[in-house]
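Dumped target-v5.cif below, it's mmCIF, C-alpha atoms:
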data_input
loop_
_atom_site.label_atom_id
_atom_site.label_comp_id
_atom_site.auth_asym_id
_atom_site.auth_seq_id
_atom_site.Cartn_x
_atom_site.Cartn_y
_atom_site.Cartn_z
CA MET F 1 76.60 112.22 85.00
CA THR F 2 76.26 111.33 81.33
CA ARG F 3 78.88 113.93 80.51
CA PHE F 4 81.27 112.20 82.89
CA LEU F 5 80.53 108.77 81.43
CA LEU F 6 80.93 110.08 77.88
CA ALA F 7 84.22 111.78 78.80
CA VAL F 8 85.64 108.50 80.15
CA LEU F 9 84.42 106.55 77.10
CA ARG F 10 85.66 109.09 74.64
CA ARG F 11 89.07 109.25 76.25
CA ASP F 12 89.59 105.49 76.39
CA LEU F 13 88.44 105.09 72.79
CA THR F 14 90.78 107.87 71.65
CA LEU F 15 93.64 106.21 73.50
CA ALA F 16 92.79 102.86 71.90
CA ALA F 17 92.76 104.48 68.47
CA ARG F 18 96.25 105.88 69.11
CA ARG F 19 97.59 102.65 70.59
CA ARG F 20 96.27 100.12 68.12
CA GLY F 21 98.82 97.49 69.15
CA ASP F 22 97.06 96.80 72.42
CA TRP F 23 93.76 95.59 71.08
CA LEU F 24 95.14 94.12 67.87
CA ILE F 25 97.35 91.83 69.97
CA ALA F 26 94.33 90.62 71.94
CA LEU F 27 92.43 90.03 68.71
CA PHE F 28 95.29 88.08 67.08
CA PHE F 29 95.67 86.06 70.26
CA PHE F 30 92.00 85.08 70.00
CA VAL F 31 92.42 84.05 66.36
CA MET F 32 95.65 82.14 67.02
CA VAL F 33 94.36 80.16 70.00
CA ALA F 34 91.17 79.24 68.16
CA SER F 35 93.12 78.24 65.05
CA LEU F 36 95.53 75.97 66.91
CA PHE F 37 92.81 73.46 67.73
CA PRO F 38 91.86 72.45 64.15
CA LEU F 39 95.59 72.19 63.42
CA GLY F 40 96.26 70.04 66.46
CA ILE F 41 93.19 67.81 66.32
CA GLY F 42 92.90 67.27 62.60
CA PRO F 43 90.27 68.16 60.03
CA ASP F 44 87.42 65.93 61.21
CA PRO F 45 84.35 68.16 60.65
CA LYS F 46 82.16 66.37 63.20
CA LEU F 47 84.72 66.56 65.98
CA LEU F 48 85.52 70.20 65.19
CA ALA F 49 81.86 71.20 65.28
CA ARG F 50 81.54 69.36 68.59
CA ILE F 51 84.41 71.23 70.30
CA GLY F 52 84.07 74.50 68.38
CA PRO F 53 81.74 76.42 70.73
CA GLY F 54 83.79 75.54 73.81
CA VAL F 55 87.10 76.37 72.16
CA LEU F 56 85.89 79.73 70.88
CA TRP F 57 84.50 80.66 74.27
CA VAL F 58 87.68 79.63 76.10
CA ALA F 59 89.74 81.61 73.58
CA ALA F 60 87.51 84.66 74.15
CA THR F 61 87.95 84.52 77.93
CA LEU F 62 91.72 84.19 77.60
CA ALA F 63 91.90 87.05 75.11
CA SER F 64 89.93 89.28 77.47
CA LEU F 65 92.27 88.38 80.35
CA LEU F 66 95.25 89.40 78.27
CA SER F 67 94.16 93.05 78.26
CA LEU F 68 92.65 93.33 81.73
CA SER F 69 95.81 93.88 83.75
CA ARG F 70 96.17 97.24 82.01
CA LEU F 71 92.58 98.36 82.57
CA PHE F 72 93.57 100.60 85.49
CA ALA F 73 97.35 100.13 85.61
CA ASP F 74 98.24 102.66 82.89
CA ASP F 75 96.06 105.35 84.47
CA HIS F 76 97.47 104.51 87.88
CA ARG F 77 101.04 104.97 86.67
CA ASP F 78 100.58 108.44 85.20
CA GLY F 79 98.41 109.68 88.05
CA SER F 80 95.23 110.16 86.03
CA LEU F 81 93.43 107.46 88.00
CA GLU F 82 93.71 109.61 91.13
CA HIS F 83 92.19 112.54 89.28
CA MET F 84 89.33 110.38 88.07
CA VAL F 85 88.65 108.99 91.55
CA LEU F 86 88.75 112.53 92.98
CA SER F 87 86.19 113.80 90.50
CA PRO F 88 82.80 114.74 91.91
CA GLU F 89 81.09 111.77 90.26
CA PRO F 90 80.94 108.43 92.10
CA THR F 91 83.72 105.94 91.44
CA VAL F 92 81.13 103.33 90.46
CA LEU F 93 80.38 105.38 87.39
CA LEU F 94 84.07 105.54 86.53
CA VAL F 95 84.39 101.74 86.78
CA LEU F 96 81.28 101.31 84.66
CA GLY F 97 82.67 103.66 82.00
CA LYS F 98 86.06 101.96 81.95
CA SER F 99 84.46 98.50 81.71
CA LEU F 100 82.18 99.64 78.92
CA ALA F 101 85.14 101.11 77.05
CA HIS F 102 87.04 97.86 77.57
CA TRP F 103 84.16 95.94 76.05
CA LEU F 104 83.95 98.28 73.06
CA ILE F 105 87.70 98.05 72.45
CA TYR F 106 88.33 94.37 73.14
CA GLY F 107 84.91 92.70 73.01
CA ILE F 108 83.49 94.06 69.76
CA PRO F 109 86.49 93.02 67.59
CA LEU F 110 86.12 89.46 68.95
CA LEU F 111 82.46 89.51 67.95
CA LEU F 112 83.32 90.64 64.44
CA ILE F 113 85.94 87.97 63.84
CA ALA F 114 84.05 85.12 65.57
CA PRO F 115 81.88 84.11 62.53
CA VAL F 116 85.02 83.47 60.48
CA LEU F 117 86.38 81.22 63.20
CA GLY F 118 83.00 79.52 63.43
CA VAL F 119 83.30 78.54 59.77
CA GLN F 120 86.74 77.15 60.51
CA PHE F 121 85.10 74.80 63.03
CA HIS F 122 82.42 73.73 60.53
CA LEU F 123 79.62 75.25 62.58
CA PRO F 124 76.30 75.57 60.69
CA ALA F 125 74.92 79.07 60.07
CA ASP F 126 72.29 78.97 62.83
CA ALA F 127 74.91 77.86 65.35
CA ILE F 128 77.17 80.73 64.30
CA GLY F 129 74.26 83.11 64.84
CA VAL F 130 73.74 81.82 68.37
CA LEU F 131 77.50 81.92 68.99
CA LEU F 132 77.46 85.61 68.10
CA LEU F 133 74.46 86.23 70.33
CA SER F 134 76.07 84.39 73.24
CA LEU F 135 79.30 86.37 72.79
CA LEU F 136 77.29 89.62 72.56
CA ILE F 137 75.68 88.89 75.94
CA GLY F 138 78.75 87.22 77.42
CA THR F 139 81.67 89.50 76.59
CA PRO F 140 80.33 92.44 78.67
CA ILE F 141 80.33 90.01 81.62
CA LEU F 142 84.01 89.35 81.00
CA SER F 143 84.79 93.09 80.99
CA LEU F 144 82.73 93.83 84.11
CA LEU F 145 84.13 90.95 86.17
CA GLY F 146 87.58 91.74 84.84
CA GLY F 147 87.23 95.25 86.25
CA VAL F 148 86.90 93.75 89.73
CA GLY F 149 90.06 91.70 89.26
CA ALA F 150 91.99 94.62 87.76
CA ALA F 151 91.02 96.87 90.68
CA LEU F 152 91.92 94.24 93.28
CA THR F 153 95.36 93.55 91.81
CA LEU F 154 96.22 97.17 91.01
CA GLY F 155 99.77 98.05 92.03
CA LEU F 156 100.70 94.50 93.06
CA ARG F 157 103.85 92.89 91.79
CA GLY F 158 102.95 89.93 89.58
CA GLY F 159 99.41 91.29 89.49
CA GLY F 160 98.78 89.87 86.03
CA VAL F 161 99.11 86.23 87.11
CA LEU F 162 97.12 86.82 90.28
CA LEU F 163 94.42 88.50 88.22
CA THR F 164 94.14 85.42 86.01
CA LEU F 165 93.79 83.10 89.01
CA LEU F 166 91.21 85.39 90.63
CA ILE F 167 89.05 86.02 87.63
CA LEU F 168 89.02 82.76 85.65
CA PRO F 169 86.80 80.95 88.21
CA LEU F 170 84.33 83.84 88.01
CA TYR F 171 84.20 83.46 84.23
CA VAL F 172 83.03 79.84 84.54
CA PRO F 173 79.26 80.50 84.53
CA ALA F 174 79.54 82.70 81.42
CA LEU F 175 81.64 80.02 79.74
CA ILE F 176 79.18 77.23 80.57
CA PHE F 177 76.05 79.09 79.47
CA GLY F 178 77.71 80.66 76.43
CA ALA F 179 79.17 77.47 75.02
CA GLY F 180 76.08 75.56 76.17
CA ALA F 181 73.80 77.77 74.08
CA VAL F 182 75.68 76.89 70.88
CA ASP F 183 75.81 73.22 71.87
CA GLY F 184 72.06 73.36 72.37
CA VAL F 185 71.54 74.48 68.76
CA LEU F 186 73.83 71.72 67.49
CA ALA F 187 72.01 69.10 69.57
CA GLY F 188 68.62 70.41 68.51
CA THR F 189 67.45 71.28 72.04
CA GLY F 190 67.44 75.02 71.43
CA ALA F 191 69.50 77.83 72.92
CA GLU F 192 66.85 79.83 74.80
CA ALA F 193 67.47 78.37 78.26
CA HIS F 194 71.22 78.94 78.15
CA LEU F 195 70.87 82.41 76.65
CA SER F 196 68.34 83.42 79.32
CA LEU F 197 70.67 82.27 82.07
CA LEU F 198 73.54 84.10 80.40
CA GLY F 199 71.39 87.24 80.24
CA ALA F 200 70.47 86.86 83.91
CA PHE F 201 74.16 86.51 84.76
CA LEU F 202 74.91 89.69 82.78
CA ILE F 203 72.29 91.64 84.72
CA LEU F 204 73.58 90.30 88.03
CA THR F 205 77.15 91.22 87.10
CA LEU F 206 76.08 94.67 85.96
CA LEU F 207 74.37 95.29 89.28
CA VAL F 208 77.11 93.99 91.55
CA ALA F 209 80.54 94.09 89.88
CA PRO F 210 80.97 97.90 89.49
CA TRP F 211 80.36 98.46 93.20
CA ILE F 212 82.88 95.81 94.24
CA ALA F 213 85.40 97.14 91.72
CA ALA F 214 84.92 100.73 92.97
CA ALA F 215 85.50 99.67 96.58
CA ALA F 216 88.56 97.64 95.56
CA LEU F 217 89.92 100.58 93.60
CA LYS F 218 89.74 102.87 96.62
CA VAL F 219 91.54 100.32 98.78
CA SER F 220 94.22 99.82 96.12
CA LEU F 221 94.82 103.56 95.85
CA GLU F 222 95.37 104.08 99.59
CA MET D 1 89.17 127.57 116.19
CA PRO D 2 87.59 130.61 114.50
CA ASP D 3 84.30 130.28 112.61
CA ASN D 4 85.60 131.11 109.16
CA VAL D 5 87.92 128.11 109.05
CA LEU D 6 87.15 126.14 105.88
CA LEU D 7 89.66 123.31 105.96
CA SER D 8 90.67 121.87 109.27
CA ALA D 9 92.48 118.84 110.63
CA HIS D 10 91.61 117.37 113.99
CA ASP D 11 94.05 115.09 115.82
CA LEU D 12 95.21 113.54 112.56
CA ALA D 13 97.45 110.52 112.78
CA CYS D 14 98.99 108.68 109.88
CA THR D 15 100.95 105.45 109.68
CA ARG D 16 102.78 103.91 106.77
CA GLY D 17 103.16 100.20 107.33
CA ASP D 18 104.19 99.90 110.98
CA ARG D 19 105.77 103.33 111.14
CA LEU D 20 103.96 106.24 112.71
CA LEU D 21 104.50 109.28 110.50
CA PHE D 22 102.72 111.84 112.65
CA LYS D 23 99.99 112.07 115.24
CA ALA D 24 97.86 114.68 116.95
CA MET D 25 98.16 117.06 114.01
CA ASN D 26 95.82 120.03 114.14
CA PHE D 27 95.43 123.02 111.89
CA GLY D 28 92.76 125.27 110.46
CA LEU D 29 92.89 127.15 107.19
CA VAL D 30 90.82 130.22 106.34
CA ALA D 31 90.10 131.69 102.91
CA GLY D 32 93.11 133.40 101.36
CA GLU D 33 95.62 131.40 103.37
CA LEU D 34 98.50 129.21 102.25
CA LEU D 35 99.51 126.16 104.25
CA LEU D 36 103.11 125.32 103.55
CA VAL D 37 103.84 121.75 104.55
CA GLN D 38 107.51 121.32 105.30
CA GLY D 39 109.65 118.38 106.27
CA GLY D 40 112.43 116.18 104.98
CA ASN D 41 112.07 113.33 102.52
CA GLY D 42 109.99 110.46 103.81
CA GLN D 43 108.54 112.41 106.71
CA GLY D 44 104.98 112.13 105.50
CA LYS D 45 104.26 115.29 103.50
CA THR D 46 102.71 113.43 100.59
CA SER D 47 100.84 111.14 102.98
CA LEU D 48 99.35 114.19 104.69
CA LEU D 49 98.30 115.67 101.35
CA ARG D 50 96.65 112.41 100.32
CA LEU D 51 94.76 112.40 103.62
CA LEU D 52 93.55 115.91 102.87
CA THR D 53 92.31 114.92 99.42
CA GLY D 54 90.45 111.92 100.81
CA LEU D 55 92.43 109.44 98.73
CA SER D 56 93.57 107.73 101.91
CA ARG D 57 92.07 107.61 105.37
CA PRO D 58 93.79 108.74 108.57
CA GLU D 59 94.73 106.26 111.28
CA ALA D 60 92.97 108.54 113.75
CA GLY D 61 91.28 111.92 113.68
CA GLU D 62 89.53 113.55 110.74
CA VAL D 63 89.75 116.25 108.09
CA ARG D 64 86.84 118.65 107.89
CA TRP D 65 85.68 120.89 105.06
CA ARG D 66 83.29 123.66 106.04
CA GLY D 67 82.86 121.91 109.37
CA GLN D 68 81.88 118.55 107.89
CA PRO D 69 84.12 115.49 107.79
CA ILE D 70 85.29 115.11 104.17
CA ALA D 71 84.31 111.45 104.14
CA ARG D 72 80.71 112.67 104.38
CA CYS D 73 81.03 115.69 102.05
CA GLY D 74 81.94 113.50 99.09
CA GLU D 75 80.84 115.29 95.99
CA THR D 76 80.73 118.85 97.32
CA TYR D 77 84.29 118.62 98.62
CA HIS D 78 85.66 117.14 95.41
CA ARG D 79 83.97 119.90 93.41
CA GLU D 80 85.80 122.57 95.41
CA MET D 81 89.15 120.83 95.67
CA ALA D 82 91.81 120.27 93.03
CA TYR D 83 94.83 118.04 93.56
CA LEU D 84 98.14 117.98 91.74
CA GLY D 85 100.35 115.14 92.86
CA HIS D 86 103.81 113.90 91.93
CA ALA D 87 102.40 112.39 88.77
CA ASN D 88 100.85 114.88 86.37
CA GLY D 89 97.76 112.86 85.62
CA ILE D 90 97.92 113.64 81.92
CA LYS D 91 97.91 111.10 79.12
CA ASP D 92 101.01 110.96 76.92
CA GLU D 93 99.03 109.94 73.83
CA LEU D 94 96.70 112.94 73.99
CA ASN D 95 97.63 116.50 73.17
CA PRO D 96 97.33 119.22 75.83
CA LEU D 97 93.90 120.37 74.63
CA GLU D 98 92.50 116.82 74.68
CA ASN D 99 93.86 116.36 78.17
CA LEU D 100 92.12 119.50 79.35
CA ARG D 101 88.92 118.48 77.60
CA PHE D 102 88.96 115.23 79.57
CA ALA D 103 89.68 117.06 82.82
CA ASP D 104 86.59 119.19 82.19
CA GLY D 105 84.54 116.12 81.38
CA LEU D 106 85.53 114.58 84.69
CA GLN D 107 84.11 117.63 86.45
CA GLY D 108 80.94 117.31 84.41
CA ARG D 109 81.55 120.68 82.72
CA ALA D 110 81.23 121.62 79.10
CA PHE D 111 84.61 122.16 77.47
CA ASP D 112 85.52 125.76 76.67
CA ALA D 113 88.20 125.37 73.99
CA ALA D 114 88.99 129.07 73.72
CA ARG D 115 89.57 129.40 77.44
CA ALA D 116 91.71 126.27 77.52
CA GLU D 117 93.83 127.54 74.63
CA ARG D 118 94.25 130.88 76.35
CA THR D 119 95.34 129.23 79.60
CA LEU D 120 97.82 127.00 77.79
CA GLY D 121 99.10 130.04 75.92
CA ASP D 122 99.57 131.94 79.18
CA LEU D 123 101.64 129.05 80.43
CA GLY D 124 103.86 129.20 77.36
CA LEU D 125 102.43 126.18 75.55
CA ALA D 126 100.85 128.00 72.61
CA ARG D 127 103.03 126.13 70.12
CA CYS D 128 102.42 122.70 71.63
CA LEU D 129 98.63 122.52 71.36
CA ASP D 130 98.62 119.84 68.65
CA LEU D 131 101.53 117.77 69.91
CA PRO D 132 100.97 114.61 71.91
CA CYS D 133 102.19 115.14 75.45
CA ARG D 134 104.64 112.28 74.90
CA VAL D 135 106.94 114.59 72.93
CA LEU D 136 106.74 117.44 75.44
CA SER D 137 109.48 117.99 77.98
CA PHE D 138 109.04 117.18 81.67
CA GLY D 139 108.48 120.82 82.56
CA GLN D 140 106.02 121.35 79.71
CA ARG D 141 103.96 118.38 80.86
CA ARG D 142 103.95 119.86 84.34
CA ARG D 143 102.57 123.05 82.81
CA VAL D 144 99.76 121.14 81.15
CA ALA D 145 98.88 119.73 84.57
CA LEU D 146 98.96 123.28 85.98
CA ALA D 147 96.62 124.44 83.22
CA ALA D 148 94.16 121.72 84.26
CA LEU D 149 94.47 122.95 87.84
CA LEU D 150 93.71 126.55 86.80
CA LEU D 151 90.72 125.54 84.67
CA ALA D 152 89.26 123.40 87.45
CA GLY D 153 88.13 126.60 89.19
CA ALA D 154 88.50 125.00 92.61
CA THR D 155 88.63 126.91 95.89
CA LEU D 156 91.20 124.66 97.51
CA TRP D 157 94.38 123.63 95.73
CA ILE D 158 96.37 120.75 97.14
CA LEU D 159 99.77 120.76 95.48
CA ASP D 160 102.51 118.22 95.96
CA GLU D 161 105.81 119.72 94.85
CA PRO D 162 104.16 121.91 92.18
CA LEU D 163 107.45 123.48 91.12
CA THR D 164 109.28 120.28 90.19
CA GLY D 165 110.70 120.55 86.69
CA LEU D 166 109.64 124.17 86.14
CA ASP D 167 112.16 126.72 84.92
CA VAL D 168 112.87 130.00 86.69
CA HIS D 169 110.36 131.90 84.58
CA ALA D 170 107.60 129.38 85.25
CA VAL D 171 108.34 129.36 88.97
CA ALA D 172 107.89 133.14 89.04
CA GLN D 173 104.67 132.75 87.07
CA MET D 174 103.49 130.06 89.48
CA GLU D 175 104.13 132.40 92.41
CA GLY D 176 101.98 134.98 90.69
CA LEU D 177 99.21 132.42 90.12
CA LEU D 178 99.34 131.37 93.76
CA ARG D 179 99.12 135.01 94.87
CA ASP D 180 96.17 135.67 92.54
CA HIS D 181 94.37 132.54 93.71
CA LEU D 182 94.85 133.44 97.37
CA ALA D 183 93.88 137.08 96.79
CA ALA D 184 90.64 135.88 95.21
CA GLY D 185 89.77 134.02 98.43
CA GLY D 186 91.19 130.66 97.43
CA MET D 187 93.26 128.43 99.62
CA VAL D 188 96.40 126.44 98.94
CA VAL D 189 98.03 123.53 100.70
CA ALA D 190 101.46 122.93 99.19
CA THR D 191 104.70 121.11 99.80
CA THR D 192 107.85 122.37 98.20
CA HIS D 193 111.58 122.17 98.66
CA GLN D 194 112.13 125.25 96.53
CA ALA D 195 112.24 128.84 97.56
CA LEU D 196 108.99 130.72 97.10
CA ASN D 197 108.65 134.46 96.98
CA LEU D 198 105.25 135.03 98.52
CA ALA D 199 105.37 138.56 99.84
CA GLY D 200 102.01 139.73 101.13
CA VAL D 201 100.50 136.28 101.45
CA ARG D 202 99.19 134.81 104.66
CA VAL D 203 101.35 131.75 105.15
CA GLN D 204 100.87 129.10 107.77
CA ARG D 205 103.74 126.67 108.20
CA LEU D 206 103.34 123.08 109.22
CA LEU D 207 106.32 120.92 110.03
CA VAL D 208 105.81 117.23 109.36
CA GLY D 209 108.23 114.87 111.09
CA ASN D 210 111.06 116.10 113.27
CA VAL D 211 113.75 117.27 110.89
CA ALA D 212 114.00 121.04 111.12
CA ILE D 213 114.64 122.76 107.80
CA PRO D 214 115.45 126.38 107.07
CA ASP D 215 112.72 128.90 106.46
CA ILE D 216 112.13 129.13 102.73
CA ALA D 217 108.88 130.97 102.26
CA ALA D 218 110.19 134.41 103.08
CA SER D 219 113.34 134.11 101.03
CA PRO D 220 113.90 137.50 99.41
CA ASP D 221 115.65 136.04 96.39
CA PRO D 222 113.79 132.99 95.10
CA VAL D 223 116.32 132.31 92.37
CA ALA D 224 119.16 131.75 94.81
CA GLU D 225 117.95 128.35 95.98
CA GLY D 226 115.34 127.43 93.47
CA ALA D 227 116.96 127.57 90.09
CA ALA D 228 119.10 124.47 90.49
#
Structure re-expressed in structure tokens:
Amino acid sequence: MTRFLLAVLRRDLTLAARRRGDWLIALFFFVMVASLFPLGIGPDPKLLARIGPGVLWVAATLASLLSLSRLFADDHRDGSLEHMVLSPEPTVLLVLGKSLAHWLIYGIPLLLIAPVLGVQFHLPADAIGVLLLSLLIGTPILSLLGGVGAALTLGLRGGGVLLTLLILPLYVPALIFGAGAVDGVLAGTGAEAHLSLLGAFLILTLLVAPWIAAAALKVSLE
Amino acid sequence: MPDNVLLSAHDLACTRGDRLLFKAMNFGLVAGELLLVQGGNGQGKTSLLRLLTGLSRPEAGEVRWRGQPIARCGETYHREMAYLGHANGIKDELNPLENLRFADGLQGRAFDAARAERTLGDLGLARCLDLPCRVLSFGQRRRVALAALLLAGATLWILDEPLTGLDVHAVAQMEGLLRDHLAAGGMVVATTHQALNLAGVRVQRLLVGNVAIPDIAASPDPVAEGAA
């Protein structure tokens, strides 16, 4: 079981290392979207700090969407998805491995660049710390829920747009709690409540999403 | 049906959209036997093979492995079955060895690099071990997929047009591999439009759809039809 999971992870990470364009584009998209707001709104530090958490979180969800349509599509096209589904291990494990790999490839770079963008929005150091923590808990949710959408829209024409419409509403709780945690620090009410809810949402997603995605994948492959 | 039947189909029916491809299909396959699925384009050969793998579900009837419906065998069936479809299932960015390593990982097996290299060498890929599969030719990529099939060590091979893109030499080699696999008690379900020289093999023919096609399995000279 672990060998299977490691094989999936290792393969997807190797592929990402050979196709750097894919995740670099998502990362630059994140940076660009977040940078457009200070340029468009003007350099008022108070206003920027007020909208910063929300903007960064919205940018993170959009950047994760950008890569999701290819989560299963590439493997579907060259036939390797069938081989993976036909392996003796349960499909749930495959979905879990692919989602985890997606988070490592697309989520972690966002985490690393987020503090720089936080400075751009004049966020104080403690708020940046909480922003990182909220992204650390929140970005796996984006990858796991995204796996459901990617499996549902696999093989459909115009699947990318449909995926966006399907998945964005599901991202809303993560967005609210994630941005809310940073807002809490700025307002002096503390971030614990929002972070706990975000953590609860992560656990719920982890328990439910892979099963739904696995079922959707089997239907899409038929 | 005799007791030693391992793979069997019972009243299988398959539809694609609104169109009925076949119904009331029955067969049983014993160890060492080849099931040659024949039929014209679009008659449902690939659909039948996908039913047998468990990738899709039949409209009616069921497929059984060792007497159990495959939907309930799950893991045990997938451990004993290997499928090679139209697509090779190999990644263009990885080299042949990395592809085989992943295939082994999927089966939960430790990777035996020496054995993989030997198999690739036997298939004429000894000089391509370090090249990404992207730069390999169509036929060479097919050979990588065949190497994965050989290393899987499965009892039942389900092959959809396994000879596509292979040259005359590789087709002859493939015939030898099929004969060896069957002689060792394995089983093969295959579709092919090419001539196969399978002297001494127990072949069962299954016609899918209603277009009759000439007998190809017993062709004495495989090159005559197949090399084009």
- [ ] Name the residues captured by the PyMOL selection byres ((chain D) within 8 of (chain F)) when it is applied to the shown file; answer as number ranges by chain.
- [x] D: 53, 55-57, 74-79, 83, 85-91, 93-94, 102, 105-109
Open item on the list: On this structure, the PyMOL selection byres ((chain F and resi 199) around 12) would catch which residues? List them as number ranges by chain, sorted by chain and number.
Closed with: F: 133-141, 173-174, 177-178, 181, 192-198, 200-206
Open item on the list: Show me, as a list in words, the residues that have an atom within 6 Å of segment 10-14 of chain D when counting only C-alpha atoms, minus same-chain residues fewer than 2 positions from it.
Closed with: Leu21, Phe22, Lys23, Ala24, Met25, Asn26, Pro58, Glu59, Ala60, Gly61 and Glu62 of chain D
Open item on the list: What's around Arg118 of chain D at 12 Å? Count all atoms listed in the file, leave out sequence neighbours fewer than 3 positions away in its own chain, and write the answer as a VMD selection string.
Closed with: chain D and resid 97 100 112 to 115 121 to 127 129 147 150 to 151
Task: Point-to-point distance from atom CA of Glu80 of chain D to atom CA of Ala110 of chain D, Å rounded to tenths - done: 17.0 Å
Open item on the list: Residues near Met32 of chain F, anyone? I mean within 12 Å using all atoms listed in the file, not counting same-chain ones fewer than 6 positions away, as JSON, numbers by chain.
Closed with: {"F": [25, 26, 38, 39, 55, 56, 59, 60, 62, 63, 113, 117]}
Open item on the list: If the PyMOL selection byres ((chain D and resi 197-211) around 6) were run on this exact file, what residues would it hold? Put them as a VMD selection string.
Closed with: chain D and resid 33 to 39 43 196 212 222
Since the input has fewer atoms than a full residue there, write segment 7-20 of chain F out with N, CA and C atoms, as a PDB file, keeping the file's coordinate frame.
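See out.pdb below for the written result:
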ATOM      1  N   ALA F   7      82.820 111.327  78.790  1.00  0.00           N
ATOM      2  CA  ALA F   7      84.220 111.780  78.800  1.00  0.00           C
ATOM      3  C   ALA F   7      85.154 110.583  78.984  1.00  0.00           C
ATOM      4  N   VAL F   8      84.799 109.684  79.901  1.00  0.00           N
ATOM      5  CA  VAL F   8      85.640 108.500  80.150  1.00  0.00           C
ATOM      6  C   VAL F   8      85.679 107.621  78.896  1.00  0.00           C
ATOM      7  N   LEU F   9      84.495 107.387  78.306  1.00  0.00           N
ATOM      8  CA  LEU F   9      84.420 106.550  77.100  1.00  0.00           C
ATOM      9  C   LEU F   9      85.229 107.138  75.971  1.00  0.00           C
ATOM     10  N   ARG F  10      84.999 108.417  75.737  1.00  0.00           N
ATOM     11  CA  ARG F  10      85.660 109.090  74.640  1.00  0.00           C
ATOM     12  C   ARG F  10      87.175 109.046  74.789  1.00  0.00           C
ATOM     13  N   ARG F  11      87.641 109.266  76.019  1.00  0.00           N
ATOM     14  CA  ARG F  11      89.070 109.250  76.250  1.00  0.00           C
ATOM     15  C   ARG F  11      89.648 107.862  75.990  1.00  0.00           C
ATOM     16  N   ASP F  12      89.030 106.833  76.546  1.00  0.00           N
ATOM     17  CA  ASP F  12      89.590 105.490  76.390  1.00  0.00           C
ATOM     18  C   ASP F  12      89.554 105.038  74.928  1.00  0.00           C
ATOM     19  N   LEU F  13      88.501 105.463  74.209  1.00  0.00           N
ATOM     20  CA  LEU F  13      88.440 105.090  72.790  1.00  0.00           C
ATOM     21  C   LEU F  13      89.504 105.832  71.998  1.00  0.00           C
ATOM     22  N   THR F  14      89.719 107.117  72.331  1.00  0.00           N
ATOM     23  CA  THR F  14      90.780 107.870  71.650  1.00  0.00           C
ATOM     24  C   THR F  14      92.136 107.214  71.897  1.00  0.00           C
ATOM     25  N   LEU F  15      92.361 106.843  73.161  1.00  0.00           N
ATOM     26  CA  LEU F  15      93.640 106.210  73.500  1.00  0.00           C
ATOM     27  C   LEU F  15      93.803 104.897  72.743  1.00  0.00           C
ATOM     28  N   ALA F  16      92.710 104.138  72.618  1.00  0.00           N
ATOM     29  CA  ALA F  16      92.790 102.860  71.900  1.00  0.00           C
ATOM     30  C   ALA F  16      93.076 103.084  70.427  1.00  0.00           C
ATOM     31  N   ALA F  17      92.516 104.188  69.887  1.00  0.00           N
ATOM     32  CA  ALA F  17      92.760 104.480  68.470  1.00  0.00           C
ATOM     33  C   ALA F  17      94.224 104.868  68.247  1.00  0.00           C
ATOM     34  N   ARG F  18      94.847 105.475  69.260  1.00  0.00           N
ATOM     35  CA  ARG F  18      96.250 105.880  69.110  1.00  0.00           C
ATOM     36  C   ARG F  18      97.213 104.752  69.449  1.00  0.00           C
ATOM     37  N   ARG F  19      96.724 103.772  70.215  1.00  0.00           N
ATOM     38  CA  ARG F  19      97.590 102.650  70.590  1.00  0.00           C
ATOM     39  C   ARG F  19      96.982 101.379  70.041  1.00  0.00           C
ATOM     40  N   ARG F  20      96.992 101.235  68.716  1.00  0.00           N
ATOM     41  CA  ARG F  20      96.270 100.120  68.120  1.00  0.00           C
ATOM     42  C   ARG F  20      96.866  98.774  68.514  1.00  0.00           C
TER      43      ARG F  20
END
